[in-house]
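Reproduced below: coords.txt, with compact mmCIF, C-alpha atoms.
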# COMPACT_ATOMS: atom_id res chain seq x y z
CA MET F 1 64.62 100.33 97.89
CA ARG F 2 66.34 103.41 99.25
CA ILE F 3 69.76 101.84 98.59
CA PHE F 4 68.65 100.72 95.12
CA PHE F 5 67.76 104.30 94.13
CA ALA F 6 71.02 105.58 95.64
CA ILE F 7 73.08 103.10 93.59
CA LEU F 8 71.08 103.73 90.39
CA SER F 9 71.40 107.50 90.79
CA GLY F 10 75.08 107.40 91.80
CA GLY F 11 75.94 105.17 88.85
CA LEU F 12 74.10 107.39 86.35
CA PHE F 13 75.68 110.48 87.89
CA GLY F 14 79.21 109.06 87.64
CA ALA F 15 78.69 107.83 84.06
CA GLY F 16 77.23 111.18 83.03
CA LEU F 17 80.15 113.09 84.53
CA LEU F 18 82.69 110.94 82.67
CA LEU F 19 80.88 110.87 79.30
CA SER F 20 80.11 114.60 79.39
CA GLY F 21 83.82 115.38 79.74
CA MET F 22 83.36 117.03 83.13
CA THR F 23 86.00 114.88 84.83
CA ASN F 24 88.51 116.43 82.41
CA THR F 25 89.83 119.46 84.29
CA ASN F 26 90.91 121.08 80.99
CA LYS F 27 87.28 121.29 79.87
CA VAL F 28 86.09 122.76 83.16
CA GLN F 29 88.88 125.33 83.34
CA GLY F 30 88.31 125.97 79.62
CA PHE F 31 84.70 126.95 80.39
CA LEU F 32 85.77 129.28 83.20
CA ASP F 33 88.52 130.79 81.03
CA LEU F 34 86.63 133.67 79.43
CA PHE F 35 89.92 135.40 78.65
CA GLY F 36 91.49 132.42 76.86
CA ASN F 37 90.30 129.72 74.47
CA TRP F 38 86.71 129.43 75.77
CA ASP F 39 85.15 125.93 75.82
CA PRO F 40 81.33 126.00 76.09
CA THR F 41 80.91 122.24 76.82
CA LEU F 42 79.98 122.79 80.49
CA ALA F 43 76.99 124.90 79.39
CA PHE F 44 75.70 121.96 77.31
CA VAL F 45 76.11 119.65 80.32
CA MET F 46 74.23 122.04 82.60
CA GLY F 47 71.53 122.57 79.98
CA GLY F 48 71.17 118.83 79.42
CA ALA F 49 70.94 118.12 83.15
CA MET F 50 68.25 120.79 83.65
CA ILE F 51 65.76 119.02 81.34
CA PRO F 52 65.11 115.78 83.29
CA MET F 53 65.46 117.66 86.60
CA ALA F 54 62.88 120.29 85.67
CA ILE F 55 60.47 117.51 84.62
CA ALA F 56 61.15 115.70 87.91
CA TRP F 57 60.36 118.84 89.94
CA GLN F 58 57.06 119.17 88.01
CA MET F 59 56.25 115.53 88.86
CA THR F 60 56.78 116.15 92.58
CA LYS F 61 53.61 118.26 92.63
CA SER F 62 51.27 115.30 92.26
CA ARG F 63 52.98 112.54 94.26
CA THR F 64 55.27 111.62 97.15
CA PRO F 65 58.72 109.98 97.00
CA VAL F 66 58.64 106.24 96.16
CA ILE F 67 60.11 105.35 99.56
CA GLY F 68 57.61 107.62 101.35
CA GLY F 69 58.00 110.86 103.21
CA SER F 70 57.87 114.20 101.43
CA PHE F 71 59.87 116.18 98.91
CA PRO F 72 62.29 118.89 100.08
CA GLU F 73 60.59 122.26 100.41
CA MET F 74 61.84 125.23 98.45
CA PRO F 75 64.29 127.02 100.77
CA ALA F 76 63.44 130.63 101.63
CA ALA F 77 65.11 133.22 99.40
CA GLU F 78 67.72 134.19 101.99
CA PHE F 79 71.16 135.08 100.72
CA ASP F 80 73.15 134.90 103.92
CA ARG F 81 76.85 135.22 104.52
CA ARG F 82 77.29 131.43 104.39
CA LEU F 83 75.81 131.09 100.91
CA ILE F 84 77.85 133.93 99.42
CA THR F 85 81.19 133.39 101.20
CA GLY F 86 81.03 129.62 100.72
CA SER F 87 80.27 129.97 97.01
CA ILE F 88 83.17 132.42 96.55
CA LEU F 89 85.63 130.02 98.26
CA PHE F 90 84.29 127.08 96.27
CA GLY F 91 84.63 128.98 92.97
CA LEU F 92 88.24 129.90 93.72
CA GLY F 93 89.17 126.25 94.34
CA TRP F 94 87.08 125.06 91.38
CA GLY F 95 88.94 127.36 89.00
CA LEU F 96 92.33 126.56 90.51
CA ALA F 97 92.15 122.79 89.92
CA GLY F 98 89.13 122.33 87.61
CA LEU F 99 87.45 119.85 89.95
CA CYS F 100 84.24 120.12 91.94
CA PRO F 101 83.01 117.44 94.39
CA GLY F 102 81.11 115.27 91.84
CA PRO F 103 83.91 114.85 89.29
CA ALA F 104 86.48 114.49 92.10
CA ILE F 105 84.62 111.34 93.21
CA ALA F 106 83.69 110.02 89.75
CA SER F 107 87.30 110.22 88.49
CA LEU F 108 88.95 108.48 91.46
CA SER F 109 89.67 105.26 89.51
CA TYR F 110 91.59 107.04 86.73
CA GLY F 111 92.59 110.34 88.37
CA GLY F 112 95.95 109.12 89.66
CA THR F 113 97.53 110.12 92.96
CA GLY F 114 96.59 113.78 92.45
CA GLY F 115 92.92 112.78 92.57
CA PHE F 116 93.38 111.27 96.03
CA VAL F 117 95.32 114.32 97.23
CA PHE F 118 92.42 116.51 96.08
CA LEU F 119 89.87 114.24 97.79
CA ALA F 120 91.83 114.21 101.07
CA ALA F 121 92.13 118.02 101.07
CA MET F 122 88.43 118.34 100.20
CA LEU F 123 87.41 116.07 103.10
CA ILE F 124 89.57 118.12 105.49
CA GLY F 125 87.87 121.28 104.19
CA MET F 126 84.45 119.68 104.78
CA ARG F 127 85.49 118.78 108.33
CA LEU F 128 86.55 122.38 109.02
CA ALA F 129 83.42 123.88 107.42
CA PRO F 130 81.09 123.80 110.46
CA THR F 131 83.64 125.79 112.49
CA ALA F 132 84.07 128.28 109.65
CA SER F 133 80.28 128.58 109.31
CA ARG F 134 79.87 129.38 113.02
CA TYR F 135 82.56 132.05 112.67
CA LEU F 136 80.64 133.59 109.74
CA ASP F 137 77.42 133.51 111.77
CA SER F 138 79.10 135.30 114.69
CA ARG F 139 80.36 137.96 112.29
CA SER F 140 76.82 138.37 110.89
CA ALA F 141 75.40 138.69 114.40
CA ALA F 142 78.00 141.31 115.29
CA ALA F 143 77.36 143.32 112.12
CA MET P 1 84.41 120.30 69.07
CA ILE P 2 80.79 119.63 68.05
CA MET P 3 81.14 116.03 69.24
CA ASP P 4 82.29 117.34 72.64
CA TRP P 5 79.11 119.42 72.87
CA ILE P 6 76.91 116.44 71.91
CA TRP P 7 78.62 114.25 74.53
CA GLY P 8 78.23 117.13 76.98
CA LEU P 9 74.50 117.23 76.30
CA LEU P 10 74.12 113.43 76.53
CA GLY P 11 76.20 113.23 79.72
CA GLY P 12 74.21 116.17 81.08
CA LEU P 13 70.93 114.32 80.38
CA MET P 14 72.31 111.35 82.35
CA ILE P 15 73.28 113.62 85.26
CA GLY P 16 69.78 115.13 85.21
CA ALA P 17 68.22 111.66 85.05
CA ALA P 18 70.35 110.67 88.06
CA GLY P 19 69.03 113.69 89.97
CA ALA P 20 65.46 112.83 88.92
CA VAL P 21 65.82 109.23 90.19
CA TYR P 22 67.19 110.42 93.55
CA LEU P 23 64.48 113.04 93.94
CA LEU P 24 61.47 110.98 92.86
CA GLY P 25 62.78 107.77 94.48
CA ASN P 26 64.24 108.92 97.78
CA GLY P 27 62.87 112.44 97.97
CA ARG P 28 66.35 113.90 98.22
CA ILE P 29 68.41 116.53 96.43
CA MET P 30 71.27 114.95 94.49
CA GLY P 31 74.13 117.17 95.61
CA ALA P 32 77.63 115.70 95.54
CA SER P 33 78.97 117.85 98.38
CA GLY P 34 75.96 117.07 100.58
CA ILE P 35 76.22 113.33 99.94
CA ILE P 36 79.96 113.30 100.68
CA GLY P 37 79.29 115.49 103.72
CA ARG P 38 76.87 112.89 105.11
CA ILE P 39 79.67 110.31 104.98
CA VAL P 40 82.07 112.76 106.68
CA ASP P 41 79.49 113.27 109.44
CA ALA P 42 78.96 109.48 109.62
CA LYS P 43 75.31 109.61 110.64
CA GLY P 44 74.12 105.98 110.64
CA SER P 45 71.65 105.00 107.91
CA GLN P 46 72.09 108.30 106.06
CA ALA P 47 75.82 107.66 105.79
CA PHE P 48 75.13 104.13 104.51
CA GLU P 49 72.84 105.40 101.74
CA ALA P 50 75.41 108.06 100.86
CA ALA P 51 78.21 105.46 100.80
CA ALA P 52 76.20 103.27 98.39
CA PHE P 53 75.66 106.31 96.16
CA VAL P 54 79.37 107.19 96.17
CA ALA P 55 80.46 103.57 95.58
CA ALA P 56 78.32 103.40 92.41
CA MET P 57 79.52 106.84 91.40
CA ILE P 58 83.13 105.58 91.46
CA ALA P 59 82.53 102.05 90.12
CA VAL P 60 80.45 102.85 87.02
CA PRO P 61 82.88 105.38 85.50
CA ALA P 62 85.73 103.03 86.46
CA VAL P 63 84.16 100.23 84.37
CA ILE P 64 83.35 102.56 81.45
CA ALA P 65 86.89 103.96 81.44
CA LEU P 66 88.36 100.46 81.63
CA ILE P 67 86.27 98.95 78.83
CA TRP P 68 85.44 101.76 76.41
CA LEU P 69 87.69 104.68 77.17
CA PRO P 70 91.17 103.41 78.01
CA GLY P 71 93.62 106.21 78.67
CA THR P 72 90.98 108.48 80.21
CA GLU P 73 92.60 111.02 82.50
CA THR P 74 91.64 114.14 84.40
CA HIS P 75 94.55 116.32 83.21
CA LEU P 76 94.79 117.54 86.80
CA THR P 77 97.87 119.63 87.56
CA SER P 78 100.83 117.69 89.00
CA ASP P 79 101.52 120.46 91.54
CA TRP P 80 100.38 118.96 94.84
CA LEU P 81 100.34 122.30 96.62
CA ILE P 82 97.86 123.69 94.11
CA ILE P 83 95.78 120.50 94.32
CA ALA P 84 95.74 120.62 98.13
CA VAL P 85 94.80 124.32 98.31
CA ALA P 86 92.09 123.83 95.66
CA GLY P 87 90.69 120.75 97.42
CA LEU P 88 90.58 122.55 100.75
CA LEU P 89 88.75 125.53 99.22
CA VAL P 90 86.25 123.27 97.43
CA GLY P 91 85.51 121.23 100.57
CA LEU P 92 85.25 124.28 102.79
CA GLY P 93 83.25 126.39 100.34
CA THR P 94 80.71 123.80 99.24
CA ARG P 95 79.85 122.87 102.81
CA ILE P 96 79.65 126.45 104.06
CA ALA P 97 77.38 127.28 101.11
CA ASN P 98 75.53 123.97 101.58
CA GLY P 99 75.85 122.96 97.93
CA CYS P 100 77.97 122.74 94.80
CA THR P 101 77.53 122.42 91.03
CA SER P 102 75.08 119.51 91.37
CA GLY P 103 73.03 120.62 94.39
CA HIS P 104 72.77 124.36 93.83
CA GLY P 105 73.52 124.26 90.09
CA VAL P 106 71.59 121.32 88.62
CA CYS P 107 68.96 120.63 91.30
CA GLY P 108 68.45 124.18 92.59
CA MET P 109 68.35 126.07 89.31
CA SER P 110 66.01 123.52 87.68
CA ARG P 111 63.33 124.34 90.31
CA LEU P 112 64.17 128.06 90.01
CA SER P 113 65.33 128.16 93.64
CA PRO P 114 66.56 131.72 94.32
CA ARG P 115 69.32 130.40 96.62
CA GLY P 116 70.44 127.88 93.99
CA ILE P 117 70.52 130.52 91.26
CA VAL P 118 72.43 133.03 93.41
CA ALA P 119 74.95 130.42 94.62
CA THR P 120 75.55 129.21 91.04
CA LEU P 121 76.07 132.75 89.73
CA VAL P 122 78.49 133.49 92.58
CA PHE P 123 80.63 130.35 92.23
CA MET P 124 80.67 130.65 88.43
CA ALA P 125 81.83 134.27 88.70
CA SER P 126 84.36 133.30 91.36
CA GLY P 127 85.62 130.43 89.17
CA ILE P 128 86.03 132.80 86.21
CA VAL P 129 87.99 135.24 88.41
CA SER P 130 90.06 132.33 89.75
CA VAL P 131 91.12 131.10 86.28
CA ALA P 132 91.76 134.68 85.10
CA LEU P 133 93.91 135.36 88.18
CA PHE P 134 95.83 132.09 88.47
CA ARG P 135 96.22 131.46 84.72
CA HIS P 136 96.57 134.88 83.13
CA VAL P 137 97.83 137.17 85.92
CA LEU P 138 99.92 134.93 88.19
CA GLU P 139 100.45 132.27 85.47
CA ILE P 140 100.68 129.37 87.94
CA ILE P 141 98.10 127.05 86.31
Whole structure given in C-alpha cells:
Amino acid sequence: MRIFFAILSGGLFGAGLLLSGMTNTNKVQGFLDLFGNWDPTLAFVMGGAMIPMAIAWQMTKSRTPVIGGSFPEMPAAEFDRRLITGSILFGLGWGLAGLCPGPAIASLSYGGTGGFVFLAAMLIGMRLAPTASRYLDSRSAAA
Amino acid sequence: MIMDWIWGLLGGLMIGAAGAVYLLGNGRIMGASGIIGRIVDAKGSQAFEAAAFVAAMIAVPAVIALIWLPGTETHLTSDWLIIAVAGLLVGLGTRIANGCTSGHGVCGMSRLSPRGIVATLVFMASGIVSVALFRHVLEII
C-alpha cells in the first residue's frame, strides 16, 4: 500500500511538472528574471498546487494516514542558520540553471546529457550537505 | 501565453494532488529533495519507497513526452561547468535547508508553516538575485 501511494504520487508529480512547463528551464528562469521578460507561469503552478494541498492539510485534522501512524507535526517556527544559508545556496543554483530537484528528476528521460550532469552534481552536493550543516551548527554555537 | 498559464495551473493542481496523495496515504511530506536524499542515505525500506516514487516520477513524464509531446526539452544550458556548479549548489542548499520548492514551497506554505514560508521567500529572492547577477550583470547565462 505504501509503495502504491509512492508510485501514484510520484507519477502525478512527474506528470504535473512536465505539463505545467516547470521542466523547461526557460520558464523557471523567466519567472526569476524580474529585470527581463518576466514569465508568471511558475506562480500559476504554485497557486494550483496549493489548492489540493491546503485541502489535504485540512483533512489531516480528522483522520490518520491510510497506512497508519501519524501526520508530520508542524515544525517549530525556528529560522536557524541551516534554513537560511541552505535556501540562499539553493536559490543561487536554481537561478543559475533553472532546475530544482523535482524537475531535475522528472526531465531525466528527455533532458539529455546535461540533465545527468546536473543530477550527478546535485547528488554530490546532497552527500556533502551533512558536513556543511555541522559546520554551520558549529559556527552558530560559537556565535 | 494564456495557454501556458492554464497548463501551469492544471500541472500545478496535479502536483498538489500528488502531495495530497502522499500526505493522506503515507503520512509524509512530498518533498523532492527529501525523497532523493533518502535514496542517497540508502536507509532500507525508506529508500525503497523513495526509489519507487522516483521511478514513477521519471517514467510517467517519459511516456507523456514520448507519446504526446515529442521534442520536449529542458532548454538547459550546454555549459557543463555552469550545470555542475548549479547542481552542486541545489543539492547542497536543499539538504542543508531540509527542503526545496516542493517540500518547503508547496507542502510547507499550504499549511502556513512559518519555516516553509521563510525558506520559500529566501530561495525565491536568492533565485531572483542569481538570475539578475548571472544574466544581466555577468551575462554568462
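Using only C-alpha atoms, the nearest neighbour of F:Ala120 within the list P:Leu9, P:Leu89, P:Lys43, P:Val118 is P:Leu89.
Atom pair atom CA of F:Gln29 / atom CA of F:Gly95: separated by 6.0 Å.
Between atom CA of P:Leu66 and atom CA of F:Ser9 the interatomic distance comes to 20.5 Å.
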task = With only C-alpha atoms counted, which protein, DNA or RNA residues have an atom no more than 9 Å from (77.9, 107.2, 95.2) in the file frame? Please answer as JSON, numbers by chain.
result = {"F": [6, 7, 9, 10, 11, 13, 14, 105, 106], "P": [32, 35, 36, 49, 50, 51, 52, 53, 54, 55, 56, 57, 58, 59]}
Taking C-alpha atoms for each residue, export the selection above as an mmCIF file, in the coordinates of the input.
data_model
loop_
_atom_site.group_PDB
_atom_site.id
_atom_site.type_symbol
_atom_site.label_atom_id
_atom_site.label_comp_id
_atom_site.auth_asym_id
_atom_site.auth_seq_id
_atom_site.Cartn_x
_atom_site.Cartn_y
_atom_site.Cartn_z
ATOM 1 C CA ALA F 6 71.020 105.580 95.640
ATOM 2 C CA ILE F 7 73.080 103.100 93.590
ATOM 3 C CA SER F 9 71.400 107.500 90.790
ATOM 4 C CA GLY F 10 75.080 107.400 91.800
ATOM 5 C CA GLY F 11 75.940 105.170 88.850
ATOM 6 C CA PHE F 13 75.680 110.480 87.890
ATOM 7 C CA GLY F 14 79.210 109.060 87.640
ATOM 8 C CA ILE F 105 84.620 111.340 93.210
ATOM 9 C CA ALA F 106 83.690 110.020 89.750
ATOM 10 C CA ALA P 32 77.630 115.700 95.540
ATOM 11 C CA ILE P 35 76.220 113.330 99.940
ATOM 12 C CA ILE P 36 79.960 113.300 100.680
ATOM 13 C CA GLU P 49 72.840 105.400 101.740
ATOM 14 C CA ALA P 50 75.410 108.060 100.860
ATOM 15 C CA ALA P 51 78.210 105.460 100.800
ATOM 16 C CA ALA P 52 76.200 103.270 98.390
ATOM 17 C CA PHE P 53 75.660 106.310 96.160
ATOM 18 C CA VAL P 54 79.370 107.190 96.170
ATOM 19 C CA ALA P 55 80.460 103.570 95.580
ATOM 20 C CA ALA P 56 78.320 103.400 92.410
ATOM 21 C CA MET P 57 79.520 106.840 91.400
ATOM 22 C CA ILE P 58 83.130 105.580 91.460
ATOM 23 C CA ALA P 59 82.530 102.050 90.120
#
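Interatomic distance, atom CA of P:Gly12 to atom CA of F:Ala43: 9.3 Å.
If you count all atoms listed in the file and draw a sphere of 9 Å around (61.7, 108.3, 100.8), the protein and nucleic acid residues inside it come out as F:Met1, F:Arg2, F:Thr64, F:Pro65, F:Val66, F:Ile67, F:Gly68, F:Gly69, F:Ser70, F:Phe71, P:Leu23, P:Leu24, P:Gly25, P:Asn26, P:Gly27, P:Arg28.
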Stretch 72-79 of chain F environment, 9 Å, all atoms listed in the file, sequence neighbours closer than 3 positions dropped, as a ChimeraX atom specification = /F:82-84 /P:23,27-29,108,111,113-115,118-119
Nearest-residue call for F:Asp33, choices F:Trp94, F:Thr131, F:Ala15, F:Gly21, using only C-alpha atoms = F:Trp94
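Checking F:Gln58, F:Phe118, F:Pro103, F:Ser140 one by one against chain P, counting only C-alpha atoms, you find the shortest gap at F:Phe118.
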inquiry  = Could you list, as a PyMOL selection string, every residue within 6 Å of P:Ile96, counting only C-alpha atoms and ignoring same-chain residues fewer than 6 positions away?
reply    = chain F and resi 82+86+129+133
message = For F:Pro101, find every residue with an atom within 9 Å (counting all atoms listed in the file), except residues of its own chain fewer than 5 positions away, and show them as an NGL selection string.
response = (:F and (106 or 119 or 122)) or (:P and (31-33 or 36 or 87 or 90-91 or 94 or 100-102))
inquiry  = Need the shell around stretch 127-137 of chain P: protein/DNA/RNA residues with any atom at most 9 Å away, counting all atoms listed in the file. Skip same-chain ones fewer than 4 positions apart. Format as a VMD selection string?
reply    = (chain F and resid 29 to 36 88 90 to 96 98) or (chain P and resid 122 to 123 141)
